[in-house]
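File shown: coords00.tsv (TSV, C-alpha atoms).
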chain	number	residue	atom	x	y	z
W	1	MET	CA	-19.30	31.01	21.93
W	2	GLY	CA	-21.67	31.78	24.81
W	3	ILE	CA	-24.19	29.16	23.69
W	4	ARG	CA	-21.44	26.58	23.32
W	5	GLY	CA	-20.12	27.42	26.77
W	6	ASN	CA	-23.61	27.08	28.27
W	7	VAL	CA	-24.12	23.72	26.57
W	8	ARG	CA	-20.77	22.48	27.86
W	9	GLY	CA	-21.60	23.73	31.33
W	10	TRP	CA	-24.96	21.96	31.37
W	11	TRP	CA	-23.36	18.82	29.95
W	12	GLY	CA	-20.64	18.86	32.59
W	13	ARG	CA	-23.12	19.37	35.41
W	14	GLY	CA	-25.32	16.61	34.01
W	15	ARG	CA	-22.41	14.18	33.90
W	16	ALA	CA	-21.41	15.11	37.45
W	17	LEU	CA	-24.98	14.56	38.63
W	18	ALA	CA	-25.18	11.21	36.83
W	19	ALA	CA	-21.87	10.09	38.35
W	20	ALA	CA	-23.03	11.10	41.83
W	21	HIS	CA	-26.48	9.48	41.53
W	22	PRO	CA	-26.28	6.40	39.26
W	23	LEU	CA	-29.53	5.00	40.65
W	24	LEU	CA	-31.43	8.03	39.36
W	25	VAL	CA	-29.92	7.42	35.93
W	26	ASP	CA	-31.02	3.79	35.97
W	27	ILE	CA	-34.52	4.78	37.02
W	28	GLY	CA	-34.59	7.28	34.16
W	29	VAL	CA	-33.43	4.60	31.70
W	30	ALA	CA	-36.15	2.25	32.95
W	31	LEU	CA	-38.81	4.97	32.55
W	32	LEU	CA	-37.59	5.72	29.03
W	33	VAL	CA	-37.75	2.05	28.06
W	34	GLN	CA	-41.18	1.78	29.67
W	35	GLY	CA	-42.34	4.67	27.53
W	36	ALA	CA	-41.16	2.92	24.39
W	37	MET	CA	-42.80	-0.33	25.52
W	38	THR	CA	-46.07	1.53	26.10
W	39	MET	CA	-46.42	2.91	22.59
W	40	PRO	CA	-47.74	-0.32	20.97
W	41	PHE	CA	-50.45	-0.47	23.66
W	42	LEU	CA	-51.67	3.02	22.72
W	43	VAL	CA	-51.88	2.37	18.98
W	44	PRO	CA	-55.14	0.77	17.83
W	45	ARG	CA	-54.66	-2.89	16.93
W	46	ALA	CA	-55.57	-4.28	13.53
W	47	PRO	CA	-58.97	-5.98	13.18
W	48	GLY	CA	-58.90	-9.64	14.07
W	49	LEU	CA	-56.17	-9.32	16.71
W	50	PRO	CA	-57.01	-9.72	20.37
W	51	PRO	CA	-57.14	-6.35	22.18
W	52	ALA	CA	-54.29	-5.20	24.39
W	53	THR	CA	-55.08	-6.04	28.00
W	54	TRP	CA	-53.93	-4.66	31.31
W	55	ALA	CA	-52.49	-8.07	32.12
W	56	ALA	CA	-50.27	-7.90	29.05
W	57	TYR	CA	-49.24	-4.35	29.89
W	58	GLY	CA	-48.48	-5.30	33.49
W	59	LEU	CA	-46.34	-8.22	32.35
W	60	SER	CA	-44.43	-5.99	29.90
W	61	THR	CA	-43.82	-3.55	32.77
W	62	LEU	CA	-42.49	-6.42	34.86
W	63	THR	CA	-39.96	-7.00	32.09
W	64	VAL	CA	-38.71	-3.41	32.42
W	65	VAL	CA	-38.57	-3.02	36.22
W	66	PRO	CA	-35.33	-5.04	36.70
W	67	LEU	CA	-33.44	-2.37	34.70
W	68	VAL	CA	-33.34	-0.28	37.87
W	69	TRP	CA	-30.69	-2.75	39.17
W	70	ARG	CA	-28.80	-3.13	35.88
W	71	ARG	CA	-25.50	-1.75	37.24
W	72	ARG	CA	-25.50	-3.69	40.49
W	73	ALA	CA	-26.53	-7.10	39.12
W	74	PRO	CA	-26.47	-7.09	35.30
W	75	LEU	CA	-26.52	-10.88	34.94
W	76	ALA	CA	-29.46	-11.22	37.33
W	77	VAL	CA	-31.29	-8.53	35.35
W	78	LEU	CA	-30.57	-10.45	32.13
W	79	PHE	CA	-32.05	-13.68	33.49
W	80	ALA	CA	-35.04	-11.81	34.94
W	81	MET	CA	-35.65	-10.13	31.58
W	82	LEU	CA	-35.44	-13.47	29.75
W	83	GLY	CA	-37.83	-15.09	32.22
W	84	THR	CA	-40.47	-12.35	32.08
W	85	SER	CA	-40.17	-12.09	28.27
W	86	LEU	CA	-40.71	-15.85	27.93
W	87	LEU	CA	-43.70	-15.62	30.28
W	88	TYR	CA	-45.14	-12.76	28.22
W	89	ARG	CA	-44.76	-14.73	25.00
W	90	LEU	CA	-46.30	-17.95	26.34
W	91	THR	CA	-49.17	-16.63	28.46
W	92	VAL	CA	-50.59	-13.51	26.79
W	93	ASP	CA	-51.28	-12.34	23.27
W	94	GLY	CA	-50.13	-8.79	23.76
W	95	PRO	CA	-48.71	-6.33	21.24
W	96	GLY	CA	-45.26	-7.07	19.95
W	97	GLN	CA	-42.38	-4.59	20.10
W	98	PRO	CA	-40.42	-3.25	17.12
W	99	LEU	CA	-37.18	-3.60	19.11
W	100	PRO	CA	-36.15	-5.73	22.11
W	101	TYR	CA	-35.51	-2.60	24.17
W	102	THR	CA	-34.88	-4.26	27.52
W	103	GLY	CA	-32.57	-6.89	26.09
W	104	LEU	CA	-30.52	-4.28	24.23
W	105	VAL	CA	-30.08	-2.15	27.36
W	106	VAL	CA	-28.99	-5.16	29.40
W	107	THR	CA	-26.59	-6.32	26.68
W	108	TYR	CA	-25.03	-2.86	26.48
W	109	THR	CA	-24.71	-2.70	30.27
W	110	ILE	CA	-23.00	-6.09	30.53
W	111	ALA	CA	-20.59	-5.20	27.72
W	112	ALA	CA	-19.73	-1.86	29.33
W	113	LEU	CA	-19.54	-2.82	33.02
W	114	ALA	CA	-19.13	-6.57	33.50
W	115	GLY	CA	-15.88	-8.49	33.68
W	116	PRO	CA	-14.67	-10.98	31.03
W	117	ARG	CA	-16.23	-14.05	32.67
W	118	ARG	CA	-19.64	-12.45	33.04
W	119	ARG	CA	-19.50	-11.16	29.50
W	120	LEU	CA	-18.70	-14.67	28.26
W	121	LEU	CA	-21.56	-16.19	30.24
W	122	ALA	CA	-23.97	-13.52	29.00
W	123	GLY	CA	-22.82	-14.10	25.43
W	124	LEU	CA	-23.47	-17.84	25.67
W	125	VAL	CA	-26.93	-17.19	27.11
W	126	LEU	CA	-27.82	-14.74	24.34
W	127	VAL	CA	-26.53	-17.09	21.63
W	128	VAL	CA	-29.22	-19.49	22.79
W	129	ALA	CA	-31.92	-17.00	23.80
W	130	VAL	CA	-31.99	-14.85	20.64
W	131	PRO	CA	-32.66	-17.71	18.17
W	132	ALA	CA	-35.14	-19.23	20.65
W	133	GLY	CA	-37.04	-15.95	20.83
W	134	VAL	CA	-37.17	-15.70	17.05
W	135	TRP	CA	-38.43	-19.29	16.81
W	136	LEU	CA	-41.23	-18.52	19.30
W	137	ASN	CA	-42.18	-15.35	17.40
W	138	THR	CA	-41.98	-15.50	13.57
W	139	ARG	CA	-39.41	-18.22	12.82
W	140	SER	CA	-38.12	-16.06	9.97
W	141	ALA	CA	-34.50	-15.67	8.87
W	142	ARG	CA	-35.09	-11.96	8.41
W	143	GLU	CA	-35.98	-11.46	12.08
W	144	LEU	CA	-33.08	-13.66	13.16
W	145	THR	CA	-30.64	-11.60	11.09
W	146	PHE	CA	-32.04	-8.35	12.44
W	147	SER	CA	-31.96	-9.57	16.05
W	148	VAL	CA	-28.37	-10.77	15.78
W	149	PHE	CA	-27.37	-7.43	14.27
W	150	VAL	CA	-28.98	-5.21	16.94
W	151	PHE	CA	-27.70	-7.31	19.86
W	152	ALA	CA	-24.18	-7.35	18.36
W	153	ALA	CA	-24.38	-3.57	17.90
W	154	ALA	CA	-25.45	-3.12	21.54
W	155	TYR	CA	-22.51	-5.25	22.67
W	156	VAL	CA	-20.03	-3.34	20.49
W	157	PHE	CA	-21.30	0.01	21.77
W	158	GLY	CA	-20.90	-1.27	25.32
W	159	ARG	CA	-17.31	-2.31	24.70
W	160	LEU	CA	-16.55	1.05	23.08
W	161	THR	CA	-17.97	2.81	26.13
W	162	ASP	CA	-15.75	0.70	28.40
W	163	ALA	CA	-12.70	1.51	26.26
W	164	ARG	CA	-13.51	5.22	26.34
W	165	GLN	CA	-13.95	5.19	30.11
W	166	ARG	CA	-10.66	3.37	30.54
W	167	ALA	CA	-8.94	5.93	28.32
W	168	HIS	CA	-10.46	8.77	30.36
W	169	ARG	CA	-9.24	7.16	33.59
W	170	VAL	CA	-5.73	6.76	32.20
W	171	GLU	CA	-5.78	10.35	30.97
W	172	ALA	CA	-6.99	11.58	34.36
W	173	GLU	CA	-4.26	9.60	36.15
W	174	GLN	CA	-1.61	11.00	33.81
W	175	ALA	CA	-2.93	14.52	34.32
W	176	ALA	CA	-2.84	14.01	38.08
W	177	ALA	CA	0.74	12.74	37.86
W	178	ARG	CA	1.75	15.76	35.77
W	179	GLU	CA	0.08	18.07	38.27
W	180	ARG	CA	1.86	16.38	41.19
W	181	ALA	CA	5.18	16.79	39.36
W	182	ARG	CA	4.40	20.45	38.67
W	183	ILE	CA	3.51	21.10	42.30
W	184	ALA	CA	6.66	19.29	43.45
W	185	ARG	CA	8.75	21.50	41.12
W	186	GLU	CA	7.06	24.65	42.38
W	187	MET	CA	7.54	23.72	46.03
W	188	HIS	CA	11.16	22.69	45.40
W	189	ASP	CA	11.91	26.02	43.75
W	190	ILE	CA	10.14	28.09	46.41
W	191	LEU	CA	11.66	26.31	49.40
W	192	SER	CA	15.11	25.83	47.93
W	193	HIS	CA	15.41	29.48	46.98
W	194	ALA	CA	14.03	30.80	50.28
W	195	VAL	CA	16.09	28.49	52.48
W	196	SER	CA	19.28	29.21	50.53
W	197	LEU	CA	18.82	32.97	50.91
W	198	MET	CA	18.01	32.61	54.60
W	199	ILE	CA	21.08	30.43	55.22
W	200	VAL	CA	23.38	32.89	53.46
W	201	GLN	CA	21.96	35.81	55.43
W	202	ALA	CA	22.03	33.90	58.72
W	203	GLU	CA	25.67	32.86	58.24
W	204	ALA	CA	26.66	36.44	57.48
W	205	GLY	CA	24.68	37.80	60.42
W	206	PRO	CA	27.14	37.10	63.27
W	207	VAL	CA	30.02	38.66	61.32
W	208	ALA	CA	27.91	41.71	60.47
W	209	VAL	CA	26.85	42.13	64.11
W	210	ARG	CA	30.49	42.56	65.13
W	211	ALA	CA	31.71	44.56	62.14
W	212	ALA	CA	28.69	46.54	60.89
W	213	PRO	CA	25.53	46.39	63.01
W	214	GLU	CA	23.51	48.22	60.36
W	215	ARG	CA	24.26	45.44	57.87
W	216	ALA	CA	23.17	42.85	60.43
W	217	GLU	CA	19.83	44.57	60.77
W	218	ALA	CA	19.44	44.54	56.98
W	219	ALA	CA	20.33	40.85	56.90
W	220	PHE	CA	17.67	40.02	59.47
W	221	ASP	CA	15.13	42.11	57.55
W	222	ALA	CA	16.03	40.17	54.40
W	223	ILE	CA	15.58	36.85	56.21
W	224	SER	CA	12.16	37.97	57.42
W	225	ALA	CA	11.09	39.21	53.97
W	226	THR	CA	12.29	36.02	52.29
W	227	GLY	CA	10.40	33.85	54.78
W	228	ARG	CA	7.20	35.86	54.37
W	229	ASP	CA	7.43	35.68	50.59
W	230	ALA	CA	7.97	31.91	50.70
W	231	MET	CA	5.05	31.45	53.07
W	232	ALA	CA	2.80	33.56	50.83
W	233	GLN	CA	3.69	31.48	47.77
W	234	LEU	CA	3.19	28.22	49.67
W	235	ARG	CA	-0.19	29.40	50.97
W	236	HIS	CA	-1.17	30.26	47.41
W	237	MET	CA	-0.22	26.78	46.19
W	238	LEU	CA	-2.06	25.07	49.03
W	239	GLY	CA	-5.07	27.27	48.33
W	240	VAL	CA	-5.06	26.16	44.70
W	241	LEU	CA	-4.96	22.53	45.81
W	242	ARG	CA	-7.80	23.07	48.28
W	243	ASP	CA	-9.95	24.92	45.73
W	244	GLY	CA	-9.32	22.23	43.14
W	245	ALA	CA	-10.38	19.52	45.59
W	246	ASP	CA	-13.55	21.39	46.54
W	247	ASP	CA	-14.56	22.23	42.97
W	248	GLY	CA	-15.45	19.04	41.14
W	249	ASP	CA	-15.58	20.61	37.69
W	250	GLY	CA	-11.95	21.70	37.86
W	251	THR	CA	-12.80	25.37	37.20
W	252	ALA	CA	-11.48	26.79	40.48
W	253	PRO	CA	-9.94	30.21	39.78
W	254	ARG	CA	-6.18	30.43	40.05
W	255	GLU	CA	-4.22	33.54	40.89
W	256	PRO	CA	-1.36	34.15	38.46
W	257	GLN	CA	2.04	32.72	39.28
W	258	PRO	CA	4.96	35.16	39.68
W	259	GLY	CA	6.05	36.34	36.23
W	260	LEU	CA	8.43	38.81	34.63
W	261	ALA	CA	7.00	41.65	36.71
W	262	ALA	CA	8.18	39.86	39.87
W	263	LEU	CA	11.79	39.50	38.66
W	264	PRO	CA	13.05	42.83	40.10
W	265	GLY	CA	11.83	41.88	43.57
W	266	LEU	CA	13.51	38.47	43.28
W	267	LEU	CA	16.80	40.06	42.22
W	268	ASP	CA	16.63	42.60	45.06
W	269	ARG	CA	16.25	39.81	47.60
W	270	VAL	CA	19.27	38.02	46.15
W	271	ARG	CA	21.28	41.25	46.22
W	272	GLY	CA	20.45	41.46	49.92
W	273	SER	CA	22.55	38.33	50.44
W	274	GLY	CA	25.66	40.18	49.24
W	275	LEU	CA	25.70	38.77	45.71
W	276	ASP	CA	26.12	41.40	42.99
W	277	VAL	CA	23.27	40.81	40.51
W	278	VAL	CA	23.38	42.50	37.11
W	279	TYR	CA	20.12	42.51	35.17
W	280	ARG	CA	19.74	43.54	31.56
W	281	THR	CA	17.47	42.99	28.60
W	282	ALA	CA	18.23	42.80	24.88
W	283	GLY	CA	15.85	43.42	22.02
W	284	GLU	CA	12.43	45.01	22.11
W	285	VAL	CA	10.77	44.21	25.42
W	286	ARG	CA	7.21	42.98	24.84
W	287	PRO	CA	4.50	41.13	26.77
W	288	VAL	CA	4.76	37.35	26.87
W	289	PRO	CA	2.10	34.74	27.74
W	290	GLU	CA	1.47	34.30	31.45
W	291	GLY	CA	2.77	30.72	31.47
W	292	VAL	CA	6.03	31.72	29.78
W	293	GLY	CA	6.53	34.54	32.27
W	294	ALA	CA	6.04	32.15	35.20
W	295	THR	CA	8.52	29.71	33.65
W	296	VAL	CA	11.14	32.42	33.17
W	297	PHE	CA	10.70	33.54	36.79
W	298	ARG	CA	11.15	30.00	38.13
W	299	VAL	CA	14.16	29.34	35.89
W	300	VAL	CA	15.92	32.50	37.05
W	301	GLN	CA	14.97	31.74	40.65
W	302	GLU	CA	16.43	28.23	40.49
W	303	ALA	CA	19.60	29.39	38.71
W	304	LEU	CA	20.20	32.05	41.36
W	305	THR	CA	19.54	29.51	44.09
W	306	ASN	CA	22.19	27.21	42.62
W	307	THR	CA	24.61	30.13	42.45
W	308	LEU	CA	24.03	30.93	46.13
W	309	LYS	CA	24.34	27.30	47.22
W	310	HIS	CA	27.21	26.02	45.10
W	311	ALA	CA	29.08	28.62	43.06
W	312	ASP	CA	30.86	30.72	45.71
W	313	ALA	CA	30.39	33.58	43.23
W	314	ARG	CA	30.62	37.33	43.68
W	315	THR	CA	28.68	38.40	40.57
W	316	VAL	CA	25.87	36.90	38.56
W	317	ARG	CA	24.39	38.26	35.34
W	318	VAL	CA	20.75	37.76	34.39
W	319	GLU	CA	19.85	38.61	30.82
W	320	LEU	CA	16.60	38.33	28.87
W	321	SER	CA	16.88	38.41	25.07
W	322	TYR	CA	13.71	39.27	23.18
W	323	GLU	CA	14.05	37.91	19.67
W	324	GLU	CA	11.46	37.82	16.89
W	325	ASP	CA	9.79	34.55	17.87
W	326	GLU	CA	11.80	33.51	20.90
W	327	LEU	CA	12.72	34.58	24.40
W	328	GLY	CA	16.21	33.74	25.62
W	329	VAL	CA	17.23	33.57	29.29
W	330	LEU	CA	20.86	33.64	30.40
W	331	VAL	CA	22.06	33.36	34.00
W	332	ILE	CA	25.85	33.25	34.36
W	333	ASP	CA	28.05	33.66	37.43
W	334	ASP	CA	31.78	34.06	38.07
W	335	GLY	CA	32.00	31.22	40.58
W	336	LYS	CA	33.64	27.79	40.64
W	337	GLY	CA	32.45	26.80	37.21
W	338	PRO	CA	32.91	23.15	36.17
W	339	ARG	CA	33.91	22.12	39.68
W	340	GLY	CA	30.37	22.74	40.81
W	341	VAL	CA	28.67	20.98	37.89
W	342	SER	CA	28.36	17.53	39.45
W	343	ARG	CA	26.80	18.94	42.57
W	344	ARG	CA	24.46	21.17	40.65
W	345	GLY	CA	22.94	18.61	38.34
W	346	GLY	CA	20.05	17.69	40.64
W	347	HIS	CA	16.33	18.19	40.51
W	348	GLY	CA	16.65	21.93	39.91
W	349	LEU	CA	18.36	21.66	36.53
W	350	ALA	CA	16.05	18.84	35.51
W	351	GLY	CA	13.10	21.02	36.50
W	352	MET	CA	14.40	23.83	34.29
W	353	GLY	CA	14.51	21.49	31.31
W	354	GLU	CA	10.98	20.25	32.02
W	355	ARG	CA	9.64	23.79	32.33
W	356	ALA	CA	11.23	24.88	29.06
W	357	ALA	CA	10.13	21.71	27.26
W	358	ALA	CA	6.54	22.33	28.34
W	359	HIS	CA	6.58	25.42	26.09
W	360	GLY	CA	8.50	23.75	23.26
W	361	GLY	CA	11.82	25.24	24.38
W	362	SER	CA	15.15	23.96	25.64
W	363	ALA	CA	17.51	24.46	28.57
W	364	VAL	CA	21.28	23.99	28.67
W	365	ALA	CA	23.53	24.30	31.71
W	366	GLY	CA	27.29	24.06	31.99
W	367	PRO	CA	30.55	26.00	32.40
W	368	GLY	CA	30.83	29.52	31.03
W	369	ALA	CA	32.20	30.25	27.57
W	370	ASP	CA	35.73	30.92	28.87
W	371	GLY	CA	35.70	27.91	31.18
W	372	ARG	CA	34.99	30.03	34.25
W	373	GLY	CA	31.75	30.34	36.12
W	374	PHE	CA	28.55	28.49	35.41
W	375	GLU	CA	25.77	29.42	33.05
W	376	VAL	CA	22.20	28.44	32.36
W	377	ARG	CA	20.71	29.13	28.93
W	378	VAL	CA	17.02	28.70	28.24
W	379	ARG	CA	15.24	29.40	24.97
W	380	ILE	CA	11.45	29.47	24.77
W	381	PRO	CA	9.38	30.04	21.61
W	382	VAL	CA	7.14	33.07	22.10
W	383	PRO	CA	4.39	34.17	19.71
W	384	ARG	CA	4.51	37.59	18.12
W	385	ALA	CA	3.26	40.53	20.12
W	386	ALA	CA	-0.08	40.45	18.28
W	387	GLU	CA	-0.60	36.83	19.28
W	388	ALA	CA	0.70	36.91	22.83
W	389	GLY	CA	-2.47	38.31	24.31
W	390	ARG	CA	-4.78	35.83	22.63
Would you mind writing the structure in this file as structure tokens?
Amino acid sequence: MGIRGNVRGWWGRGRALAAAHPLLVDIGVALLVQGAMTMPFLVPRAPGLPPATWAAYGLSTLTVVPLVWRRRAPLAVLFAMLGTSLLYRLTVDGPGQPLPYTGLVVTYTIAALAGPRRRLLAGLVLVVAVPAGVWLNTRSARELTFSVFVFAAAYVFGRLTDARQRAHRVEAEQAAARERARIAREMHDILSHAVSLMIVQAEAGPVAVRAAPERAEAAFDAISATGRDAMAQLRHMLGVLRDGADDGDGTAPREPQPGLAALPGLLDRVRGSGLDVVYRTAGEVRPVPEGVGATVFRVVQEALTNTLKHADARTVRVELSYEEDELGVLVIDDGKGPRGVSRRGGHGLAGMGERAAAHGGSAVAGPGADGRGFEVRVRIPVPRAAEAGR
């Protein structure tokens, strides 16, 4: 596992370096091709053949040099390669090459990076140039067949690379859109809950000042605590965004989101608004995955926010049901019930459904069983206790 992680880390850093410095990659490709082109000059030539000369080697190098600009001007590099190759064939009797390395690299580059018109023009040029090169060399059908095959393979690999890059871009855009939606949900839940609590406490403050000053002081303390908690959560989210932008490999550490352990504090803050909150659990309480815990916290937070904003309720019950392979969440109040449904079917309820669906679960909201109040039911599949920590 460690070796695999190291390999992936090196591969990721290499790709990042290549993306940041494409010219260095092109220089490296040119040097690699030059190395391959040099090999026939180092191997002793058969008796009767003219010796390899520095002029021939220099001209073969001139064929390779344009590869440094293959990304910026692929068609110009193709024509330069064809011109220098023709000059090499007509003017010197140098060693031949087992593969047309430069031509294959240029063909791959055009297929991977160029637009349709440039690809068409390059294809027409190669349809003429490849048979012409074979005619100048051996004039054999075998070489023509081989040349057509390798150039077609280079073109196909280039198109596959382009398709893969397009798919990666689409995937990255979709991931960015999902992340923006997730952040929007988080900020909606944080701000909506905090502002609702603060409004309730602020509206009750003037009455408490006249009737029970000690309750007014508690209300102001609750407003302050709610604001500080909201600011802390918002700072955390903005810090995650900033770390993610600074860390190109996407491995910026993230602090855990509020989970089941943070529920008591959430319920205490809601109780401070005057709403009677009853909390209970059913079944054997066990650890759940971190993501599930964060989802449950946000679902309960949003349900309580809706109760504060719309229900005009006096009591709300929050219940967690631990079943064998599932965690159930119930939030039910004794407020207006169906009369508040139309006003409560906004982004919050939609966000609950999206959160539950992300874990393969479901969310249902509507009037209570007896037609009074309003309830939210969420069910999320949870692995067994032995699997939850994996």
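Between CA of Val128 (chain W) and CA of Tyr57 (chain W) the separation is 26.1 Å.
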| task | In the coordinate frame of the file, compute which residues have an atom within 12 Å of (-41.6, -16.5, 27.5) when using all atoms listed in the file, and state them as a ChimeraX atom specification. | result | /W:59-60,63,79-93,129-130,132-137
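Pairwise distance (CA of Ile190 (chain W), CA of Ala282 (chain W)) equals 27.3 Å.
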| said: When you look at Thr281 (chain W) with a cut-off of 8 Å (counting all atoms listed in the file), what residues show up, excluding the ones that are within fewer than 5 positions of it in the same chain? I need them as a count of residues only. | reply: 4
| field | Gap from CA of Val65 (chain W) to CA of Pro116 (chain W) - Å, one decimal | value |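 The value is 25.7 Å.
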| Counting only C-alpha atoms, what is within 7 Å of Val382 (chain W), bar same-chain residues fewer than 6 positions away, as JSON, numbers by chain? | {"W": [288, 325, 326, 327]}
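Shortest separation to Gly335 (chain W) among W:Phe41, W:Phe151, W:Phe297, W:Phe374 occurs at residue W:Phe374, atoms counted being all atoms listed in the file.
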| query | So, counting only C-alpha atoms, which residue among W:Arg13, W:Leu304, W:Val299, W:Ala311 is closest to Arg377 (chain W)? | reply |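 Checking each of W:Arg13, W:Leu304, W:Val299, W:Ala311 against Arg377 (chain W), counting only C-alpha atoms, the winner is W:Val299.
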| task | Do a neighbour search on Gly28 (chain W) at 12 Å with all atoms listed in the file, toss out local chain neighbours closer than 2 positions, and write the hits as a list of chain:residue names. | result |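 So, after excluding close chain neighbours, the residues are W:Ala18, W:His21, W:Pro22, W:Leu23, W:Leu24, W:Val25, W:Asp26, W:Ala30, W:Leu31, W:Leu32, W:Val33, W:Gln34, W:Gly35, W:Val64, W:Val65, W:Leu67, W:Val68, W:Trp69.
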| task | Would you mind telling me which residue in W:Ile380, W:Arg269, W:Ala154, W:Pro367 lies nearest to Pro289 (chain W) when using all atoms listed in the file? | result |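 Of W:Ile380, W:Arg269, W:Ala154, W:Pro367, the one nearest Pro289 (chain W), counting all atoms listed in the file, is W:Ile380.
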| task | Can you pull out every residue within 10 Å of Asp276 (chain W), counting only C-alpha atoms, but drop anything in the same chain fewer than 4 positions away, and send it as a ChimeraX atom specification? | result | /W:267-268,270-272,313-317,333
Given the block above, output region 67-73 of chain W with all heavy atoms as a PDB file, in the first residue's frame.
ATOM      1  N   LEU W  67      10.428  19.445 -33.076  1.00  0.00           N
ATOM      2  CA  LEU W  67       9.507  18.861 -32.101  1.00  0.00           C
ATOM      3  C   LEU W  67       9.372  19.715 -30.844  1.00  0.00           C
ATOM      4  O   LEU W  67       8.382  19.596 -30.119  1.00  0.00           O
ATOM      5  CB  LEU W  67       9.968  17.454 -31.712  1.00  0.00           C
ATOM      6  CG  LEU W  67       9.825  16.365 -32.773  1.00  0.00           C
ATOM      7  CD1 LEU W  67      10.332  15.036 -32.242  1.00  0.00           C
ATOM      8  CD2 LEU W  67       8.376  16.240 -33.219  1.00  0.00           C
ATOM      9  N   VAL W  68      10.356  20.562 -30.583  1.00  0.00           N
ATOM     10  CA  VAL W  68      10.272  21.433 -29.413  1.00  0.00           C
ATOM     11  C   VAL W  68       9.047  22.345 -29.510  1.00  0.00           C
ATOM     12  O   VAL W  68       8.474  22.746 -28.485  1.00  0.00           O
ATOM     13  CB  VAL W  68      11.567  22.263 -29.281  1.00  0.00           C
ATOM     14  CG1 VAL W  68      11.469  23.282 -28.153  1.00  0.00           C
ATOM     15  CG2 VAL W  68      12.762  21.331 -29.065  1.00  0.00           C
ATOM     16  N   TRP W  69       8.604  22.667 -30.725  1.00  0.00           N
ATOM     17  CA  TRP W  69       7.440  23.554 -30.927  1.00  0.00           C
ATOM     18  C   TRP W  69       6.194  22.781 -31.363  1.00  0.00           C
ATOM     19  O   TRP W  69       5.277  23.355 -31.925  1.00  0.00           O
ATOM     20  CB  TRP W  69       7.787  24.599 -31.985  1.00  0.00           C
ATOM     21  CG  TRP W  69       8.880  25.526 -31.558  1.00  0.00           C
ATOM     22  CD1 TRP W  69       8.762  26.663 -30.821  1.00  0.00           C
ATOM     23  CD2 TRP W  69      10.281  25.368 -31.834  1.00  0.00           C
ATOM     24  NE1 TRP W  69       9.988  27.231 -30.625  1.00  0.00           N
ATOM     25  CE2 TRP W  69      10.950  26.467 -31.233  1.00  0.00           C
ATOM     26  CE3 TRP W  69      11.042  24.420 -32.530  1.00  0.00           C
ATOM     27  CZ2 TRP W  69      12.327  26.632 -31.310  1.00  0.00           C
ATOM     28  CZ3 TRP W  69      12.420  24.581 -32.591  1.00  0.00           C
ATOM     29  CH2 TRP W  69      13.045  25.673 -31.987  1.00  0.00           C
ATOM     30  N   ARG W  70       6.134  21.504 -31.060  1.00  0.00           N
ATOM     31  CA  ARG W  70       5.041  20.666 -31.587  1.00  0.00           C
ATOM     32  C   ARG W  70       3.671  21.077 -31.046  1.00  0.00           C
ATOM     33  O   ARG W  70       2.668  20.945 -31.753  1.00  0.00           O
ATOM     34  CB  ARG W  70       5.303  19.193 -31.275  1.00  0.00           C
ATOM     35  CG  ARG W  70       5.233  18.845 -29.802  1.00  0.00           C
ATOM     36  CD  ARG W  70       5.644  17.417 -29.522  1.00  0.00           C
ATOM     37  NE  ARG W  70       5.484  17.084 -28.108  1.00  0.00           N
ATOM     38  CZ  ARG W  70       4.421  16.474 -27.606  1.00  0.00           C
ATOM     39  NH1 ARG W  70       3.427  16.115 -28.409  1.00  0.00           N
ATOM     40  NH2 ARG W  70       4.342  16.209 -26.320  1.00  0.00           N
ATOM     41  N   ARG W  71       3.595  21.577 -29.812  1.00  0.00           N
ATOM     42  CA  ARG W  71       2.292  21.991 -29.275  1.00  0.00           C
ATOM     43  C   ARG W  71       1.846  23.328 -29.846  1.00  0.00           C
ATOM     44  O   ARG W  71       0.659  23.532 -30.100  1.00  0.00           O
ATOM     45  CB  ARG W  71       2.352  22.102 -27.750  1.00  0.00           C
ATOM     46  CG  ARG W  71       2.623  20.805 -27.023  1.00  0.00           C
ATOM     47  CD  ARG W  71       2.767  21.097 -25.531  1.00  0.00           C
ATOM     48  NE  ARG W  71       3.333  19.957 -24.833  1.00  0.00           N
ATOM     49  CZ  ARG W  71       2.612  19.064 -24.154  1.00  0.00           C
ATOM     50  NH1 ARG W  71       1.295  19.177 -24.103  1.00  0.00           N
ATOM     51  NH2 ARG W  71       3.211  18.066 -23.532  1.00  0.00           N
ATOM     52  N   ARG W  72       2.786  24.242 -30.015  1.00  0.00           N
ATOM     53  CA  ARG W  72       2.430  25.596 -30.429  1.00  0.00           C
ATOM     54  C   ARG W  72       2.128  25.689 -31.919  1.00  0.00           C
ATOM     55  O   ARG W  72       1.282  26.472 -32.332  1.00  0.00           O
ATOM     56  CB  ARG W  72       3.561  26.556 -30.059  1.00  0.00           C
ATOM     57  CG  ARG W  72       3.601  26.887 -28.574  1.00  0.00           C
ATOM     58  CD  ARG W  72       4.852  27.632 -28.188  1.00  0.00           C
ATOM     59  NE  ARG W  72       6.008  26.729 -28.146  1.00  0.00           N
ATOM     60  CZ  ARG W  72       7.235  27.115 -27.813  1.00  0.00           C
ATOM     61  NH1 ARG W  72       7.459  28.390 -27.535  1.00  0.00           N
ATOM     62  NH2 ARG W  72       8.225  26.249 -27.775  1.00  0.00           N
ATOM     63  N   ALA W  73       2.799  24.912 -32.732  1.00  0.00           N
ATOM     64  CA  ALA W  73       2.596  24.984 -34.189  1.00  0.00           C
ATOM     65  C   ALA W  73       2.743  23.581 -34.787  1.00  0.00           C
ATOM     66  O   ALA W  73       3.714  23.292 -35.486  1.00  0.00           O
ATOM     67  CB  ALA W  73       3.587  25.956 -34.813  1.00  0.00           C
TER      68      ALA W  73
END
